[in-house]
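As stored in work-v2.txt (compact mmCIF, C-alpha atoms):
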# COMPACT_ATOMS: atom_id res chain seq x y z
CA MET A 901 45.44 155.89 -91.99
CA ASP A 902 47.79 158.65 -93.14
CA GLU A 903 51.21 158.17 -94.74
CA VAL A 904 53.13 158.95 -91.56
CA GLU A 905 51.22 156.31 -89.61
CA LEU A 906 51.82 153.80 -92.40
CA LEU A 907 55.53 154.61 -92.37
CA LEU A 908 55.76 154.29 -88.59
CA LYS A 909 54.00 150.92 -88.59
CA GLY A 910 56.43 149.75 -91.25
CA LYS A 911 54.16 147.21 -92.97
CA GLN A 912 55.51 148.00 -96.42
CA LEU A 913 59.09 147.95 -95.13
CA LYS A 914 58.48 144.56 -93.49
CA LYS A 915 57.14 143.25 -96.80
CA LEU A 916 60.19 144.55 -98.67
CA TYR A 917 62.47 143.08 -95.98
CA LYS A 918 60.87 139.65 -96.37
CA ILE A 919 61.10 139.76 -100.17
CA GLU A 920 64.70 141.00 -100.23
CA TYR A 921 66.00 138.63 -97.56
CA GLN A 922 64.21 135.52 -98.86
CA GLY A 923 67.46 134.27 -100.42
CA ILE A 924 69.24 134.59 -97.05
CA PHE A 925 66.37 132.81 -95.30
CA ASP A 926 66.64 129.98 -97.81
CA GLU A 927 70.42 129.74 -98.31
CA TYR A 928 71.51 130.09 -94.68
CA GLY A 929 68.32 129.00 -92.92
CA LEU A 930 68.27 132.24 -90.93
CA LYS A 931 65.38 133.95 -89.21
CA SER A 932 64.92 137.73 -89.22
CA ILE A 933 66.34 138.12 -85.72
CA GLU A 934 69.47 136.19 -86.74
CA ILE A 935 69.97 138.47 -89.75
CA ASP A 936 69.52 141.50 -87.49
CA LEU A 937 72.01 140.10 -84.95
CA MET A 938 74.62 139.42 -87.63
CA TYR A 939 74.26 143.04 -88.74
CA LEU A 940 74.38 144.38 -85.17
CA LEU A 941 77.41 142.24 -84.41
CA SER A 942 79.19 143.69 -87.46
CA LEU A 943 78.68 147.18 -85.97
CA SER A 944 79.38 146.33 -82.33
CA GLY A 945 83.18 146.47 -82.17
CA GLU A 946 84.29 145.56 -78.66
CA ARG A 947 80.72 145.76 -77.33
CA ASN A 948 80.06 142.25 -78.60
CA THR A 949 78.38 140.38 -75.76
CA SER A 950 74.82 139.09 -75.91
CA ARG A 951 73.85 141.76 -73.36
CA ASP A 952 75.39 144.46 -75.58
CA LEU A 953 73.50 143.22 -78.64
CA ALA A 954 70.22 142.98 -76.71
CA SER A 955 70.62 146.54 -75.47
CA PHE A 956 71.82 147.94 -78.79
CA GLY A 957 69.05 146.26 -80.77
CA GLY A 958 66.23 146.64 -78.25
CA ILE A 959 65.79 142.87 -78.30
CA SER A 960 65.02 140.66 -75.31
CA LYS A 961 67.99 138.79 -73.84
CA ALA A 962 66.08 135.51 -74.19
CA HIS A 963 65.55 136.02 -77.92
CA VAL A 964 69.17 137.08 -78.37
CA SER A 965 70.42 133.98 -76.51
CA LYS A 966 68.28 131.67 -78.64
CA ALA A 967 69.41 133.35 -81.87
CA ILE A 968 73.07 133.28 -80.80
CA GLU A 969 72.87 129.56 -80.16
CA SER A 970 71.33 129.04 -83.59
CA LEU A 971 74.04 131.15 -85.28
CA ARG A 972 76.72 129.23 -83.38
CA LYS A 973 75.28 125.88 -84.49
CA LYS A 974 75.31 127.15 -88.07
CA GLN A 975 78.97 128.11 -87.53
CA LEU A 976 78.31 131.73 -88.48
CA ILE A 977 79.57 133.05 -85.13
CA ARG A 978 81.90 131.81 -82.43
CA ILE A 979 81.73 132.47 -78.71
CA GLU A 980 84.83 133.18 -76.64
CA GLU A 981 84.96 133.50 -72.87
CA ASP A 982 86.27 136.81 -71.56
CA ASP A 983 89.84 136.52 -70.21
CA LYS A 984 89.09 138.68 -67.17
CA ASP A 985 85.47 137.76 -66.42
CA ARG A 986 84.48 134.15 -66.99
CA ARG A 987 80.79 135.07 -66.69
CA CYS A 988 81.10 137.15 -69.85
CA SER A 989 81.38 135.79 -73.39
CA HIS A 990 82.26 137.70 -76.55
CA LEU A 991 80.76 136.98 -79.96
CA TYR A 992 82.71 136.98 -83.22
CA ILE A 993 81.68 136.40 -86.81
CA THR A 994 83.41 133.36 -88.34
CA GLU A 995 84.83 133.10 -91.85
CA ALA A 996 81.63 131.38 -93.00
CA GLY A 997 79.70 134.10 -91.18
CA ASN A 998 81.61 136.79 -93.07
CA GLN A 999 80.24 135.53 -96.39
CA CYS A 1000 76.73 135.55 -94.95
CA LEU A 1001 77.32 139.03 -93.56
CA GLN A 1002 78.48 140.28 -96.98
CA ASP A 1003 75.24 138.96 -98.48
CA ILE A 1004 73.26 140.72 -95.73
CA LEU A 1005 75.15 143.99 -96.26
CA ASN A 1006 74.60 143.84 -100.03
CA ILE A 1007 70.86 143.37 -99.53
CA ARG A 1008 70.80 146.15 -96.95
CA LYS A 1009 72.58 148.47 -99.39
CA ARG A 1010 70.10 147.58 -102.15
CA MET A 1011 67.15 148.16 -99.80
CA LEU A 1012 68.49 151.55 -98.75
CA SER A 1013 68.89 152.56 -102.39
CA VAL A 1014 65.23 151.64 -102.95
CA LEU A 1015 64.10 153.53 -99.84
CA TYR A 1016 66.08 156.64 -100.73
CA LYS A 1017 65.30 156.68 -104.44
CA ASN A 1018 64.24 160.21 -105.49
CA ILE A 1019 65.08 161.60 -102.01
CA THR A 1020 67.58 164.42 -101.76
CA GLU A 1021 70.45 164.57 -99.26
CA GLU A 1022 68.63 167.37 -97.43
CA GLU A 1023 65.47 165.27 -97.20
CA LYS A 1024 67.55 162.36 -95.83
CA ARG A 1025 68.99 164.65 -93.13
CA VAL A 1026 65.52 165.91 -92.21
CA LEU A 1027 64.13 162.37 -92.13
CA ALA A 1028 67.00 161.21 -89.90
CA GLY A 1029 66.41 164.10 -87.50
CA VAL A 1030 62.66 163.49 -87.35
CA ALA A 1031 63.18 159.74 -86.90
CA LYS A 1032 65.53 160.36 -83.95
CA LYS A 1033 62.95 162.62 -82.30
CA VAL A 1034 60.11 160.14 -82.89
CA ASP A 1035 62.28 157.32 -81.51
CA ALA A 1036 63.11 159.40 -78.41
CA ASN A 1037 59.42 160.21 -77.90
CA ILE A 1038 58.51 156.53 -78.12
CA ARG A 1039 61.32 155.48 -75.76
CA ASP A 1040 60.35 158.18 -73.25
CA GLU A 1041 56.72 157.09 -73.29
CA ILE A 1042 57.65 153.43 -72.89
CA GLN A 1043 59.97 154.33 -70.03
CA LYS A 1044 57.13 156.19 -68.29
CA LYS A 1045 54.66 153.36 -68.78
CA TYR A 1046 56.99 150.49 -67.90
CA ALA A 1047 59.44 152.01 -65.42
CA GLY A 1048 60.40 149.31 -62.96
CA THR A 1049 58.70 146.53 -64.92
CA GLU A 1050 59.58 144.41 -67.90
CA SER A 1051 58.61 145.98 -71.21
CA GLU A 1052 58.34 144.74 -74.75
CA GLY A 1053 61.49 144.96 -76.86
CA LEU A 1054 61.70 144.61 -80.61
CA TYR A 1055 61.30 140.83 -80.44
CA GLY A 1056 59.49 140.34 -77.15
CA LYS A 1057 59.91 141.04 -73.48
CA ALA A 1058 63.02 142.92 -72.53
CA GLY A 1059 64.43 144.30 -69.33
CA LYS A 1060 64.07 148.01 -68.64
CA GLU A 1061 67.68 148.59 -69.72
CA ASN A 1062 66.53 147.97 -73.30
CA VAL A 1063 63.98 150.77 -73.37
Now that the file is in, can you turn its structure into structure tokens?
Amino acid sequence: MDEVELLLKGKQLKKLYKIEYQGIFDEYGLKSIEIDLMYLLSLSGERNTSRDLASFGGISKAHVSKAIESLRKKQLIRIEEDDKDRRCSHLYITEAGNQCLQDILNIRKRMLSVLYKNITEEEKRVLAGVAKKVDANIRDEIQKKYAGTESEGLYGKAGKENV
């Protein structure tokens, strides 16, 4: 297996993720998907519904719903009904959730510094460009294979709007 294939499979990155986030797993009792959702929610702005997060993160709506309920029970997020559309609920990080999020962001920053150690700004730009193209190629292929059916998202089955 060559280095590119290893990088794309992400085994080493997954190992690093598990090691780095172990304190968050232990302290807050969070699962990986909950950590990812907290991060996504911090970036989402007004696009902060479960559907938005599922689409943005490529995660199945079922997994998102389960994780949201867990985060709500842990009082890390709150759910507010939309004023105009009662079928829609918006998600917000609570004060307790903000401390958790700061811990997540600090770990993320540390991980990125490890990943980019000895890599120049030009190499980062090239890597970002290549990663976008590879991602687009993968999404296109998935779209072709699963058009009109349910496909696998990051954490399981997802509707075609997530591919």
Counting all atoms listed in the file, which residues in range 984-1045 of chain A sit no more than 9 Å from range 945-967 of chain A? For each one, give the nearest pair of atoms and the distance in Å, sorted by chain then residue number, as a tab-separated table.
residue	atom	partner	partner_atom	distance
A:Cys988	CA	A:Thr949	CA	7.3
A:Ser989	CA	A:Thr949	CA	6.0
A:His990	CA	A:Thr949	CA	4.8
A:Leu991	CA	A:Asn948	CA	5.5
A:Tyr992	CA	A:Asn948	CA	7.5
Okay, now the selection with C-alpha atoms, as a tab-separated table (two decimals), keeping the file's coordinate frame?
chain	number	residue	atom	x	y	z
A	988	CYS	CA	81.10	137.15	-69.85
A	989	SER	CA	81.38	135.79	-73.39
A	990	HIS	CA	82.26	137.70	-76.55
A	991	LEU	CA	80.76	136.98	-79.96
A	992	TYR	CA	82.71	136.98	-83.22
- request: Please provide as a PyMOL selection string all residues within 12 Å of range 976-980 of chain A, with the sequence filter that same-chain residues fewer than 6 positions apart are discarded (counting only C-alpha atoms).
  value: chain A and resi 928-930+934-935+937-939+941-942+948-950+965+967-970+986-1001
- prompt: In Å, how far is it from CA of Lys915 in chain A to CA of Gln1002 in chain A?
  reply: 21.5 Å
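By only C-alpha atoms, and with residues fewer than 5 positions from range 1024-1035 of chain A along its chain excluded, the set lying at most 12 Å from it is Val904, Glu905, Leu907, Leu908, Gly958, Leu1012, Ser1013, Leu1015, Tyr1016, Lys1017, Asn1018, Ile1019, Asp1040, Glu1041, Ile1042 and Val1063 of chain A.
You will find CA of Asn1006 in chain A at 17.5 Å from CA of Ile933 in chain A.
Put simply, CA of Glu903 in chain A is 16.8 Å away from CA of Leu916 in chain A.
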query: So, counting all atoms listed in the file, which residue among A:Glu981, A:Glu920, A:Asp902, A:Asp926 is closest to Met1011 in chain A?
result: A:Glu920
